[in-house]
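**Q** Have a peek at query.cif (mmCIF, N, CA and C atoms).
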data_my_file
loop_
_atom_site.label_atom_id
_atom_site.label_comp_id
_atom_site.auth_asym_id
_atom_site.auth_seq_id
_atom_site.Cartn_x
_atom_site.Cartn_y
_atom_site.Cartn_z
N MET A 1 -13.30 -40.73 36.49
CA MET A 1 -12.23 -41.48 37.10
C MET A 1 -11.33 -42.10 36.06
N LYS A 2 -11.92 -42.63 34.96
CA LYS A 2 -11.12 -43.21 33.89
C LYS A 2 -10.21 -42.15 33.28
N THR A 3 -10.75 -40.95 33.12
CA THR A 3 -9.96 -39.88 32.54
C THR A 3 -8.80 -39.51 33.45
N LEU A 4 -9.02 -39.46 34.75
CA LEU A 4 -7.96 -39.15 35.70
C LEU A 4 -6.90 -40.24 35.68
N LEU A 5 -7.33 -41.49 35.64
CA LEU A 5 -6.39 -42.61 35.61
C LEU A 5 -5.58 -42.59 34.32
N ALA A 6 -6.24 -42.33 33.20
CA ALA A 6 -5.54 -42.25 31.92
C ALA A 6 -4.55 -41.10 31.91
N SER A 7 -4.94 -39.96 32.49
CA SER A 7 -4.04 -38.81 32.56
C SER A 7 -2.82 -39.11 33.42
N LEU A 8 -3.03 -39.80 34.56
CA LEU A 8 -1.91 -40.18 35.43
C LEU A 8 -0.94 -41.12 34.71
N CYS A 9 -1.48 -42.09 33.99
CA CYS A 9 -0.63 -43.03 33.24
C CYS A 9 0.17 -42.29 32.18
N LEU A 10 -0.49 -41.40 31.46
CA LEU A 10 0.18 -40.62 30.44
C LEU A 10 1.26 -39.74 31.06
N LEU A 11 0.95 -39.07 32.16
CA LEU A 11 1.90 -38.21 32.84
C LEU A 11 3.10 -39.02 33.35
N THR A 12 2.83 -40.19 33.91
CA THR A 12 3.90 -41.06 34.39
C THR A 12 4.81 -41.47 33.24
N ASN A 13 4.23 -41.85 32.11
CA ASN A 13 5.03 -42.24 30.94
C ASN A 13 5.84 -41.07 30.42
N LEU A 14 5.26 -39.88 30.42
CA LEU A 14 5.98 -38.70 29.96
C LEU A 14 7.14 -38.37 30.88
N SER A 15 6.94 -38.49 32.19
CA SER A 15 8.03 -38.16 33.11
C SER A 15 9.15 -39.18 33.01
N VAL A 16 8.82 -40.45 32.82
CA VAL A 16 9.86 -41.46 32.62
C VAL A 16 10.61 -41.14 31.33
N TYR A 17 9.86 -40.79 30.28
CA TYR A 17 10.47 -40.46 29.01
C TYR A 17 11.37 -39.23 29.12
N ALA A 18 10.92 -38.23 29.85
CA ALA A 18 11.68 -36.99 29.96
C ALA A 18 13.01 -37.20 30.67
N PHE A 19 13.07 -38.18 31.58
CA PHE A 19 14.31 -38.41 32.32
C PHE A 19 15.10 -39.62 31.82
N SER A 20 14.69 -40.16 30.69
CA SER A 20 15.40 -41.32 30.16
C SER A 20 16.70 -40.87 29.50
N SER A 21 17.61 -41.81 29.28
CA SER A 21 18.92 -41.49 28.70
C SER A 21 18.79 -41.02 27.27
N ALA A 22 17.73 -41.40 26.57
CA ALA A 22 17.57 -40.98 25.18
C ALA A 22 17.36 -39.48 25.06
N ASN A 23 16.69 -38.90 26.04
CA ASN A 23 16.39 -37.47 25.97
C ASN A 23 17.28 -36.63 26.86
N ASN A 24 17.97 -37.22 27.78
CA ASN A 24 18.78 -36.49 28.72
C ASN A 24 20.11 -37.22 28.90
N PRO A 25 21.11 -36.86 28.10
CA PRO A 25 22.38 -37.58 28.14
C PRO A 25 23.01 -37.63 29.52
N SER A 26 22.74 -36.68 30.39
CA SER A 26 23.33 -36.70 31.72
C SER A 26 22.80 -37.87 32.55
N TRP A 27 21.71 -38.45 32.12
CA TRP A 27 21.13 -39.59 32.81
C TRP A 27 21.52 -40.90 32.13
N ALA A 28 22.33 -40.82 31.08
CA ALA A 28 22.68 -42.01 30.30
C ALA A 28 23.39 -43.05 31.17
N VAL A 29 23.08 -44.30 30.90
CA VAL A 29 23.73 -45.39 31.61
C VAL A 29 25.08 -45.63 30.95
N VAL A 30 26.13 -45.61 31.73
CA VAL A 30 27.48 -45.79 31.21
C VAL A 30 27.84 -47.27 31.31
N ASP A 31 28.33 -47.83 30.19
CA ASP A 31 28.76 -49.22 30.20
C ASP A 31 30.14 -49.27 30.84
N SER A 32 30.18 -49.72 32.07
CA SER A 32 31.44 -49.73 32.80
C SER A 32 32.09 -51.10 32.78
N ALA A 33 31.61 -51.98 31.91
CA ALA A 33 32.19 -53.33 31.83
C ALA A 33 33.64 -53.25 31.37
N THR A 34 34.48 -54.01 32.04
CA THR A 34 35.87 -54.13 31.61
C THR A 34 36.20 -55.61 31.54
N TYR A 35 37.23 -55.90 30.78
CA TYR A 35 37.60 -57.28 30.53
C TYR A 35 39.08 -57.51 30.74
N GLN A 36 39.43 -58.78 30.84
CA GLN A 36 40.82 -59.17 30.98
C GLN A 36 41.26 -59.84 29.69
N LEU A 37 42.44 -59.45 29.21
CA LEU A 37 43.06 -60.10 28.05
C LEU A 37 44.30 -60.82 28.53
N THR A 38 44.36 -62.12 28.30
CA THR A 38 45.53 -62.91 28.65
C THR A 38 46.29 -63.22 27.38
N VAL A 39 47.58 -62.88 27.36
CA VAL A 39 48.45 -63.12 26.20
C VAL A 39 49.42 -64.23 26.57
N VAL A 40 49.41 -65.30 25.79
CA VAL A 40 50.32 -66.43 26.00
C VAL A 40 51.31 -66.42 24.84
N VAL A 41 52.60 -66.26 25.17
CA VAL A 41 53.65 -66.19 24.16
C VAL A 41 54.43 -67.51 24.18
N SER A 42 54.48 -68.15 23.01
CA SER A 42 55.20 -69.42 22.89
C SER A 42 56.24 -69.31 21.77
N GLY A 43 57.02 -70.37 21.63
CA GLY A 43 58.04 -70.40 20.57
C GLY A 43 59.25 -69.53 20.88
N ILE A 44 59.57 -69.40 22.15
CA ILE A 44 60.72 -68.60 22.57
C ILE A 44 61.95 -69.52 22.54
N ASN A 45 62.79 -69.36 21.53
CA ASN A 45 63.95 -70.23 21.36
C ASN A 45 65.19 -69.72 22.09
N GLN A 46 65.35 -68.43 22.12
CA GLN A 46 66.51 -67.84 22.79
C GLN A 46 66.08 -67.34 24.16
N ARG A 47 66.72 -67.80 25.19
CA ARG A 47 66.30 -67.50 26.56
C ARG A 47 67.12 -66.38 27.18
N THR A 48 67.19 -65.27 26.47
CA THR A 48 67.89 -64.09 26.96
C THR A 48 67.05 -62.85 26.69
N GLY A 49 67.40 -61.77 27.35
CA GLY A 49 66.75 -60.49 27.11
C GLY A 49 65.40 -60.37 27.79
N LYS A 50 64.60 -59.46 27.25
CA LYS A 50 63.27 -59.17 27.79
C LYS A 50 62.24 -59.26 26.68
N LEU A 51 61.02 -59.47 27.10
CA LEU A 51 59.89 -59.50 26.18
C LEU A 51 59.08 -58.24 26.39
N TYR A 52 58.85 -57.50 25.31
CA TYR A 52 58.01 -56.30 25.34
C TYR A 52 56.69 -56.66 24.66
N ILE A 53 55.60 -56.51 25.40
CA ILE A 53 54.28 -56.83 24.88
C ILE A 53 53.47 -55.54 24.82
N GLY A 54 53.05 -55.16 23.62
CA GLY A 54 52.29 -53.93 23.42
C GLY A 54 50.87 -54.24 22.97
N LEU A 55 49.94 -53.49 23.49
CA LEU A 55 48.53 -53.65 23.15
C LEU A 55 48.08 -52.37 22.45
N ALA A 56 47.62 -52.53 21.20
CA ALA A 56 47.18 -51.39 20.40
C ALA A 56 45.66 -51.34 20.35
N THR A 57 45.14 -50.12 20.27
CA THR A 57 43.69 -49.93 20.17
C THR A 57 43.27 -49.34 18.83
N ASP A 58 44.25 -48.98 18.00
CA ASP A 58 43.97 -48.45 16.67
C ASP A 58 45.26 -48.51 15.85
N ALA A 59 45.20 -48.07 14.59
CA ALA A 59 46.36 -48.16 13.70
C ALA A 59 47.55 -47.34 14.21
N SER A 60 47.29 -46.18 14.79
CA SER A 60 48.41 -45.34 15.24
C SER A 60 49.11 -45.92 16.46
N SER A 61 48.37 -46.55 17.36
CA SER A 61 49.04 -47.17 18.51
C SER A 61 49.63 -48.53 18.14
N PHE A 62 49.27 -49.05 16.97
CA PHE A 62 49.87 -50.30 16.49
C PHE A 62 51.25 -50.03 15.88
N THR A 63 51.37 -48.93 15.16
CA THR A 63 52.66 -48.61 14.53
C THR A 63 53.50 -47.67 15.38
N GLY A 64 52.93 -47.08 16.40
CA GLY A 64 53.65 -46.14 17.27
C GLY A 64 53.68 -46.63 18.70
N GLU A 65 53.43 -45.72 19.62
CA GLU A 65 53.43 -46.03 21.05
C GLU A 65 52.19 -46.86 21.40
N SER A 66 52.41 -48.00 22.04
CA SER A 66 51.31 -48.89 22.42
C SER A 66 50.40 -48.21 23.46
N ALA A 67 49.11 -48.53 23.38
CA ALA A 67 48.15 -48.00 24.35
C ALA A 67 48.37 -48.59 25.74
N HIS A 68 48.77 -49.85 25.79
CA HIS A 68 49.09 -50.56 27.04
C HIS A 68 50.33 -51.39 26.76
N LYS A 69 51.21 -51.52 27.74
CA LYS A 69 52.40 -52.32 27.52
C LYS A 69 52.91 -52.95 28.81
N LYS A 70 53.62 -54.05 28.64
CA LYS A 70 54.23 -54.76 29.75
C LYS A 70 55.60 -55.25 29.31
N THR A 71 56.51 -55.34 30.26
CA THR A 71 57.84 -55.87 30.03
C THR A 71 58.05 -57.05 30.95
N VAL A 72 58.57 -58.15 30.39
CA VAL A 72 58.73 -59.38 31.16
C VAL A 72 60.13 -59.94 30.91
N ALA A 73 60.78 -60.38 31.98
CA ALA A 73 62.06 -61.07 31.84
C ALA A 73 61.80 -62.45 31.24
N ILE A 74 62.70 -62.93 30.41
CA ILE A 74 62.55 -64.23 29.77
C ILE A 74 62.92 -65.33 30.78
N PRO A 75 62.00 -66.24 31.05
CA PRO A 75 62.32 -67.33 31.98
C PRO A 75 63.20 -68.39 31.30
N GLU A 76 63.74 -69.29 32.10
CA GLU A 76 64.63 -70.33 31.57
C GLU A 76 63.90 -71.32 30.67
N SER A 77 62.61 -71.49 30.88
CA SER A 77 61.85 -72.42 30.04
C SER A 77 60.38 -72.05 30.05
N GLY A 78 59.64 -72.64 29.13
CA GLY A 78 58.19 -72.49 29.10
C GLY A 78 57.69 -71.26 28.37
N ASP A 79 56.37 -71.22 28.25
CA ASP A 79 55.68 -70.08 27.65
C ASP A 79 55.63 -68.93 28.65
N ILE A 80 55.31 -67.75 28.15
CA ILE A 80 55.14 -66.58 29.00
C ILE A 80 53.67 -66.16 28.93
N THR A 81 53.06 -65.96 30.09
CA THR A 81 51.67 -65.53 30.17
C THR A 81 51.61 -64.18 30.86
N VAL A 82 50.96 -63.23 30.19
CA VAL A 82 50.80 -61.87 30.71
C VAL A 82 49.33 -61.49 30.60
N SER A 83 48.81 -60.82 31.63
CA SER A 83 47.41 -60.39 31.61
C SER A 83 47.31 -58.87 31.63
N PHE A 84 46.39 -58.37 30.84
CA PHE A 84 46.01 -56.96 30.85
C PHE A 84 44.60 -56.92 31.42
N GLU A 85 44.42 -56.19 32.51
CA GLU A 85 43.11 -56.15 33.17
C GLU A 85 42.47 -54.78 33.04
N GLY A 86 41.17 -54.73 33.22
CA GLY A 86 40.44 -53.47 33.20
C GLY A 86 40.34 -52.84 31.83
N LEU A 87 40.33 -53.66 30.77
CA LEU A 87 40.24 -53.14 29.40
C LEU A 87 38.80 -52.91 29.01
N LYS A 88 38.56 -51.79 28.37
CA LYS A 88 37.23 -51.47 27.87
C LYS A 88 36.93 -52.32 26.63
N PRO A 89 35.67 -52.57 26.37
CA PRO A 89 35.32 -53.31 25.15
C PRO A 89 35.82 -52.56 23.92
N GLY A 90 36.22 -53.29 22.89
CA GLY A 90 36.67 -52.66 21.65
C GLY A 90 37.61 -53.55 20.87
N ARG A 91 38.26 -52.96 19.87
CA ARG A 91 39.20 -53.68 19.01
C ARG A 91 40.61 -53.49 19.57
N TYR A 92 41.35 -54.58 19.60
CA TYR A 92 42.72 -54.59 20.11
C TYR A 92 43.59 -55.44 19.20
N ALA A 93 44.89 -55.17 19.22
CA ALA A 93 45.88 -56.00 18.54
C ALA A 93 47.10 -56.07 19.45
N VAL A 94 47.79 -57.21 19.41
CA VAL A 94 48.96 -57.41 20.26
C VAL A 94 50.19 -57.53 19.38
N ARG A 95 51.27 -56.89 19.82
CA ARG A 95 52.57 -57.05 19.17
C ARG A 95 53.60 -57.35 20.24
N VAL A 96 54.56 -58.21 19.92
CA VAL A 96 55.55 -58.67 20.88
C VAL A 96 56.93 -58.56 20.27
N LEU A 97 57.88 -58.11 21.06
CA LEU A 97 59.29 -58.03 20.66
C LEU A 97 60.13 -58.68 21.75
N GLN A 98 61.05 -59.56 21.34
CA GLN A 98 62.03 -60.09 22.27
C GLN A 98 63.31 -59.30 22.06
N ASP A 99 63.64 -58.48 23.02
CA ASP A 99 64.84 -57.63 22.96
C ASP A 99 66.02 -58.43 23.51
N LEU A 100 66.81 -58.99 22.61
CA LEU A 100 67.90 -59.88 23.01
C LEU A 100 69.06 -59.15 23.67
N ASN A 101 69.31 -57.91 23.26
CA ASN A 101 70.49 -57.19 23.76
C ASN A 101 70.15 -56.03 24.70
N ASP A 102 68.90 -55.94 25.14
CA ASP A 102 68.47 -54.97 26.13
C ASP A 102 68.69 -53.51 25.71
N ASN A 103 68.53 -53.23 24.40
CA ASN A 103 68.65 -51.83 23.95
C ASN A 103 67.27 -51.18 23.78
N GLN A 104 66.22 -51.89 24.16
CA GLN A 104 64.84 -51.40 24.19
C GLN A 104 64.29 -50.99 22.82
N LYS A 105 64.76 -51.67 21.76
CA LYS A 105 64.24 -51.42 20.42
C LYS A 105 64.47 -52.64 19.54
N MET A 106 63.75 -52.68 18.43
CA MET A 106 63.92 -53.76 17.46
C MET A 106 65.19 -53.50 16.66
N ASP A 107 66.06 -54.49 16.63
CA ASP A 107 67.27 -54.39 15.81
C ASP A 107 67.00 -55.00 14.44
N PHE A 108 67.68 -54.48 13.43
CA PHE A 108 67.49 -54.96 12.07
C PHE A 108 68.82 -55.37 11.47
N SER A 109 68.74 -56.31 10.54
CA SER A 109 69.87 -56.68 9.70
C SER A 109 69.44 -56.30 8.30
N GLY A 110 69.89 -55.14 7.85
CA GLY A 110 69.35 -54.56 6.61
C GLY A 110 67.93 -54.11 6.88
N GLN A 111 66.98 -54.65 6.13
CA GLN A 111 65.57 -54.30 6.34
C GLN A 111 64.81 -55.38 7.10
N MET A 112 65.50 -56.45 7.48
CA MET A 112 64.85 -57.57 8.16
C MET A 112 65.07 -57.49 9.66
N PRO A 113 64.04 -57.82 10.45
CA PRO A 113 64.21 -57.83 11.91
C PRO A 113 65.28 -58.85 12.33
N ALA A 114 66.13 -58.46 13.24
CA ALA A 114 67.20 -59.33 13.73
C ALA A 114 66.85 -59.94 15.08
N GLU A 115 65.69 -59.60 15.63
CA GLU A 115 65.26 -60.13 16.92
C GLU A 115 63.87 -60.75 16.76
N PRO A 116 63.56 -61.76 17.59
CA PRO A 116 62.25 -62.41 17.50
C PRO A 116 61.10 -61.44 17.80
N PHE A 117 59.96 -61.69 17.15
CA PHE A 117 58.77 -60.85 17.31
C PHE A 117 57.53 -61.68 17.05
N GLY A 118 56.37 -61.12 17.34
CA GLY A 118 55.11 -61.80 17.07
C GLY A 118 53.94 -60.85 17.11
N PHE A 119 52.82 -61.29 16.54
CA PHE A 119 51.60 -60.49 16.47
C PHE A 119 50.39 -61.37 16.71
N SER A 120 49.32 -60.79 17.20
CA SER A 120 48.06 -61.53 17.31
C SER A 120 47.51 -61.77 15.91
N ASN A 121 46.90 -62.95 15.73
CA ASN A 121 46.24 -63.34 14.47
C ASN A 121 47.17 -63.49 13.28
N VAL A 122 48.49 -63.49 13.47
CA VAL A 122 49.42 -63.60 12.35
C VAL A 122 50.41 -64.73 12.63
N THR A 123 50.53 -65.65 11.68
CA THR A 123 51.52 -66.72 11.81
C THR A 123 52.54 -66.69 10.68
N MET A 124 52.17 -66.11 9.54
CA MET A 124 53.09 -65.96 8.42
C MET A 124 53.06 -64.51 7.96
N LEU A 125 54.20 -64.02 7.52
CA LEU A 125 54.28 -62.61 7.11
C LEU A 125 54.69 -62.48 5.65
N MET A 126 54.07 -61.54 5.01
CA MET A 126 54.48 -61.09 3.68
C MET A 126 54.66 -59.58 3.78
N GLY A 127 55.50 -59.15 4.71
CA GLY A 127 55.67 -57.75 5.03
C GLY A 127 55.03 -57.44 6.35
N PRO A 128 55.19 -56.22 6.84
CA PRO A 128 54.62 -55.85 8.13
C PRO A 128 53.09 -55.95 8.11
N PRO A 129 52.49 -56.56 9.13
CA PRO A 129 51.02 -56.65 9.17
C PRO A 129 50.41 -55.32 9.60
N SER A 130 49.14 -55.17 9.30
CA SER A 130 48.40 -53.96 9.68
C SER A 130 47.63 -54.21 10.97
N PHE A 131 47.14 -53.15 11.56
CA PHE A 131 46.27 -53.25 12.74
C PHE A 131 45.05 -54.12 12.41
N ASP A 132 44.44 -53.89 11.25
CA ASP A 132 43.25 -54.65 10.87
C ASP A 132 43.53 -56.15 10.78
N GLU A 133 44.69 -56.54 10.26
CA GLU A 133 45.04 -57.96 10.15
C GLU A 133 45.24 -58.60 11.52
N CYS A 134 45.77 -57.84 12.47
CA CYS A 134 46.12 -58.37 13.79
C CYS A 134 45.02 -58.18 14.83
N SER A 135 44.05 -57.35 14.55
CA SER A 135 43.08 -56.97 15.59
C SER A 135 41.99 -58.00 15.79
N PHE A 136 41.37 -57.91 16.95
CA PHE A 136 40.28 -58.77 17.35
C PHE A 136 39.36 -57.97 18.25
N GLU A 137 38.14 -58.43 18.38
CA GLU A 137 37.15 -57.76 19.22
C GLU A 137 37.26 -58.29 20.64
N LEU A 138 37.35 -57.38 21.60
CA LEU A 138 37.36 -57.76 23.01
C LEU A 138 36.02 -57.35 23.60
N ASN A 139 35.14 -58.35 23.82
CA ASN A 139 33.83 -58.09 24.40
C ASN A 139 33.51 -59.10 25.49
N GLU A 140 34.56 -59.80 25.94
CA GLU A 140 34.51 -60.75 27.04
C GLU A 140 35.96 -61.03 27.45
N ASN A 141 36.18 -61.67 28.57
CA ASN A 141 37.53 -62.06 28.94
C ASN A 141 38.04 -63.00 27.86
N LYS A 142 39.29 -62.78 27.43
CA LYS A 142 39.79 -63.51 26.28
C LYS A 142 41.26 -63.86 26.47
N SER A 143 41.67 -64.94 25.82
CA SER A 143 43.07 -65.34 25.79
C SER A 143 43.51 -65.42 24.33
N VAL A 144 44.69 -64.86 24.02
CA VAL A 144 45.24 -64.96 22.67
C VAL A 144 46.62 -65.60 22.76
N GLN A 145 46.93 -66.38 21.74
CA GLN A 145 48.21 -67.08 21.65
C GLN A 145 49.07 -66.36 20.62
N ILE A 146 50.32 -66.06 21.00
CA ILE A 146 51.28 -65.43 20.08
C ILE A 146 52.46 -66.39 19.94
N ARG A 147 52.78 -66.75 18.72
CA ARG A 147 53.95 -67.59 18.46
C ARG A 147 55.03 -66.69 17.91
N MET A 148 56.20 -66.72 18.56
CA MET A 148 57.32 -65.87 18.16
C MET A 148 57.83 -66.27 16.78
N ILE A 149 58.24 -65.27 16.02
CA ILE A 149 58.77 -65.45 14.67
C ILE A 149 60.22 -65.01 14.68
N GLU A 150 61.10 -65.84 14.11
CA GLU A 150 62.51 -65.48 13.94
C GLU A 150 62.85 -65.58 12.47
N LEU A 151 63.48 -64.56 11.95
CA LEU A 151 63.88 -64.57 10.53
C LEU A 151 65.35 -64.90 10.39
#
Turn the structure described in the file into structure tokens.

**A**
Amino acid sequence: MKTLLASLCLLTNLSVYAFSSANNPSWAVVDSATYQLTVVVSGINQRTGKLYIGLATDASSFTGESAHKKTVAIPESGDITVSFEGLKPGRYAVRVLQDLNDNQKMDFSGQMPAEPFGFSNVTMLMGPPSFDECSFELNENKSVQIRMIEL
């Protein structure tokens, strides 16, 4: 009887092992957790145009087309709060442009930006920031503050 019981326990453990996610990827548990990122933009001195808020997930989406983006009209007063919902856990960076003349791009005066802008985790600039400088880990609902920069 002990041998039969021991064999059943061993067989049960083997069958659990055989169907576990470690040995059978089709049975793997998928982490479906998503989070909300709230972006609060302050320091808006000029109350014209639109605010473009881009969310990057890597260096290429930081310098190119944003992975997620929103456009907001500039209100007469106060900060602007925008939420991105359903985001997967990972590294993100935020970049913001205030398009004063509605041409949907950053204008320059020589090599310097002529329109207000901002980035997550950056308050002073010594040249364009990188994704790594601006990025943060999103592993829970989070709020980030962006202060607009005017040159």

**Q** Just to confirm, what's the straight-line distance from atom N of Tyr35 in chain A to atom N of Asn141 in chain A in Å (one decimal)?

**A**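 Interatomic distance here is 6.3 Å.
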
**Q** Please compute the CA of Asn45 in chain A-CA of Ser109 in chain A distance, one decimal, in Å.

**A**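 Distance reported for this atom pair: 18.8 Å.
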
**Q** Taking (38.7, -61.9, 32.0) in the coordinates of the supplied file, I want to know which residues reach to within 7 Å of it, counting all atoms listed in the file; could you give the answer as JSON, numbers by chain?

**A** {"A": [34, 35, 36, 37, 38, 140, 141, 142]}

**Q** Taking the file above as input, evaluate the PyMOL selection byres ((chain A and resi 81) around 8) and report the hits as a ChimeraX atom specification.

**A** /A:38-42,78-80,82-84

**Q** Output N, CA and C atoms of each residue in that selection to a file, as an mmCIF file, in the coordinates of the input.

**A**
data_model
loop_
_atom_site.group_PDB
_atom_site.id
_atom_site.type_symbol
_atom_site.label_atom_id
_atom_site.label_comp_id
_atom_site.auth_asym_id
_atom_site.auth_seq_id
_atom_site.Cartn_x
_atom_site.Cartn_y
_atom_site.Cartn_z
ATOM 1 N N THR A 38 44.360 -62.120 28.300
ATOM 2 C CA THR A 38 45.530 -62.910 28.650
ATOM 3 C C THR A 38 46.290 -63.220 27.380
ATOM 4 N N VAL A 39 47.580 -62.880 27.360
ATOM 5 C CA VAL A 39 48.450 -63.120 26.200
ATOM 6 C C VAL A 39 49.420 -64.230 26.570
ATOM 7 N N VAL A 40 49.410 -65.300 25.790
ATOM 8 C CA VAL A 40 50.320 -66.430 26.000
ATOM 9 C C VAL A 40 51.310 -66.420 24.840
ATOM 10 N N VAL A 41 52.600 -66.260 25.170
ATOM 11 C CA VAL A 41 53.650 -66.190 24.160
ATOM 12 C C VAL A 41 54.430 -67.510 24.180
ATOM 13 N N SER A 42 54.480 -68.150 23.010
ATOM 14 C CA SER A 42 55.200 -69.420 22.890
ATOM 15 C C SER A 42 56.240 -69.310 21.770
ATOM 16 N N GLY A 78 59.640 -72.640 29.130
ATOM 17 C CA GLY A 78 58.190 -72.490 29.100
ATOM 18 C C GLY A 78 57.690 -71.260 28.370
ATOM 19 N N ASP A 79 56.370 -71.220 28.250
ATOM 20 C CA ASP A 79 55.680 -70.080 27.650
ATOM 21 C C ASP A 79 55.630 -68.930 28.650
ATOM 22 N N ILE A 80 55.310 -67.750 28.150
ATOM 23 C CA ILE A 80 55.140 -66.580 29.000
ATOM 24 C C ILE A 80 53.670 -66.160 28.930
ATOM 25 N N VAL A 82 50.960 -63.230 30.190
ATOM 26 C CA VAL A 82 50.800 -61.870 30.710
ATOM 27 C C VAL A 82 49.330 -61.490 30.600
ATOM 28 N N SER A 83 48.810 -60.820 31.630
ATOM 29 C CA SER A 83 47.410 -60.390 31.610
ATOM 30 C C SER A 83 47.310 -58.870 31.630
ATOM 31 N N PHE A 84 46.390 -58.370 30.840
ATOM 32 C CA PHE A 84 46.010 -56.960 30.850
ATOM 33 C C PHE A 84 44.600 -56.920 31.420
#

**Q** Among range 19-147 of chain A, which ones does DSSP place in strand (DSSP E or B), written as a ChimeraX atom specification?

**A** /A:35-42,50-56,68-73,80-87,90-99,108-109,112-113,117-119,122,136-138,142-147

**Q** For Ile53 in chain A, which of A:Glu76, A:Asp99, A:Glu137, A:Glu85 is the closest residue, counting only C-alpha atoms?

**A**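 Using only C-alpha atoms, the shortest distance to Ile53 in chain A belongs to A:Asp99.
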
**Q** Determine the nearest neighbour of Phe117 in chain A from the options A:Ser130, A:Leu151, A:Gly90, A:Ala73, counting only C-alpha atoms.

**A**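 Checking each of A:Ser130, A:Leu151, A:Gly90, A:Ala73 against Phe117 in chain A, counting only C-alpha atoms, the winner is A:Leu151.
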
**Q** Of the residues A:Lys50, A:His68, A:Lys88, A:Arg95, which is the one nearest to Gly118 in chain A, using all atoms listed in the file?

**A**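 Closest to Gly118 in chain A of all the choices is A:Arg95.
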
**Q** Just how far from atom N of Lys105 in chain A is CA of Ala59 in chain A, in Å to one decimal?

**A**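 Going from CA of Ala59 in chain A over to atom N of Lys105 in chain A, I get 20.4 Å.
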
**Q** Which residue out of A:Gly64, A:Gly54, A:Gly43, A:Pro129 has the minimum interatomic distance to Tyr92 in chain A when only C-alpha atoms are used?

**A**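 Using only C-alpha atoms, Tyr92 in chain A sits closest to A:Gly54.
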
**Q** So that I can check the surroundings of Val94 in chain A, please list as a list in words every protein, DNA and RNA residue that reaches within 6 Å of it, counting all atoms listed in the file and ignoring chain neighbours fewer than 6 positions away.

**A** Gly54, Leu55, Ala56, Gly118, Phe119, Ser120 and Cys134 of chain A

**Q** Using only C-alpha atoms, which residue out of A:Leu100, A:Arg47, A:Phe131, A:Ser32 lies closest to Ser60 in chain A?

**A**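 Checking each of A:Leu100, A:Arg47, A:Phe131, A:Ser32 against Ser60 in chain A, counting only C-alpha atoms, the winner is A:Phe131.
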
**Q** Mind completing range 135-139 of chain A with all heavy atoms? Output as a JSON list (two decimals), keeping the file's coordinate frame, please?

**A**
[["chain", "number", "residue", "atom", "x", "y", "z"],
["A", 135, "SER", "N", 44.05, -57.35, 14.55],
["A", 135, "SER", "CA", 43.08, -56.97, 15.59],
["A", 135, "SER", "C", 41.99, -58.00, 15.79],
["A", 135, "SER", "O", 41.72, -58.85, 14.94],
["A", 135, "SER", "CB", 42.47, -55.61, 15.27],
["A", 135, "SER", "OG", 41.68, -55.68, 14.11],
["A", 136, "PHE", "N", 41.37, -57.91, 16.95],
["A", 136, "PHE", "CA", 40.28, -58.77, 17.35],
["A", 136, "PHE", "C", 39.36, -57.97, 18.25],
["A", 136, "PHE", "O", 39.75, -56.95, 18.81],
["A", 136, "PHE", "CB", 40.79, -60.02, 18.08],
["A", 136, "PHE", "CG", 41.69, -59.69, 19.24],
["A", 136, "PHE", "CD1", 41.18, -59.46, 20.51],
["A", 136, "PHE", "CD2", 43.06, -59.58, 19.05],
["A", 136, "PHE", "CE1", 42.01, -59.13, 21.57],
["A", 136, "PHE", "CE2", 43.91, -59.25, 20.11],
["A", 136, "PHE", "CZ", 43.38, -59.02, 21.37],
["A", 137, "GLU", "N", 38.14, -58.43, 18.38],
["A", 137, "GLU", "CA", 37.15, -57.76, 19.22],
["A", 137, "GLU", "C", 37.26, -58.29, 20.64],
["A", 137, "GLU", "O", 37.26, -59.51, 20.86],
["A", 137, "GLU", "CB", 35.74, -58.01, 18.66],
["A", 137, "GLU", "CG", 34.69, -57.11, 19.22],
["A", 137, "GLU", "CD", 34.83, -55.67, 18.77],
["A", 137, "GLU", "OE1", 35.30, -55.41, 17.65],
["A", 137, "GLU", "OE2", 34.47, -54.78, 19.58],
["A", 138, "LEU", "N", 37.35, -57.38, 21.60],
["A", 138, "LEU", "CA", 37.36, -57.76, 23.01],
["A", 138, "LEU", "C", 36.02, -57.35, 23.60],
["A", 138, "LEU", "O", 35.76, -56.17, 23.81],
["A", 138, "LEU", "CB", 38.51, -57.07, 23.76],
["A", 138, "LEU", "CG", 38.67, -57.48, 25.22],
["A", 138, "LEU", "CD1", 39.12, -58.94, 25.32],
["A", 138, "LEU", "CD2", 39.68, -56.59, 25.92],
["A", 139, "ASN", "N", 35.14, -58.35, 23.82],
["A", 139, "ASN", "CA", 33.83, -58.09, 24.40],
["A", 139, "ASN", "C", 33.51, -59.10, 25.49],
["A", 139, "ASN", "O", 32.37, -59.26, 25.90],
["A", 139, "ASN", "CB", 32.74, -58.08, 23.33],
["A", 139, "ASN", "CG", 32.80, -59.32, 22.46],
["A", 139, "ASN", "OD1", 33.43, -60.32, 22.81],
["A", 139, "ASN", "ND2", 32.16, -59.25, 21.31]]
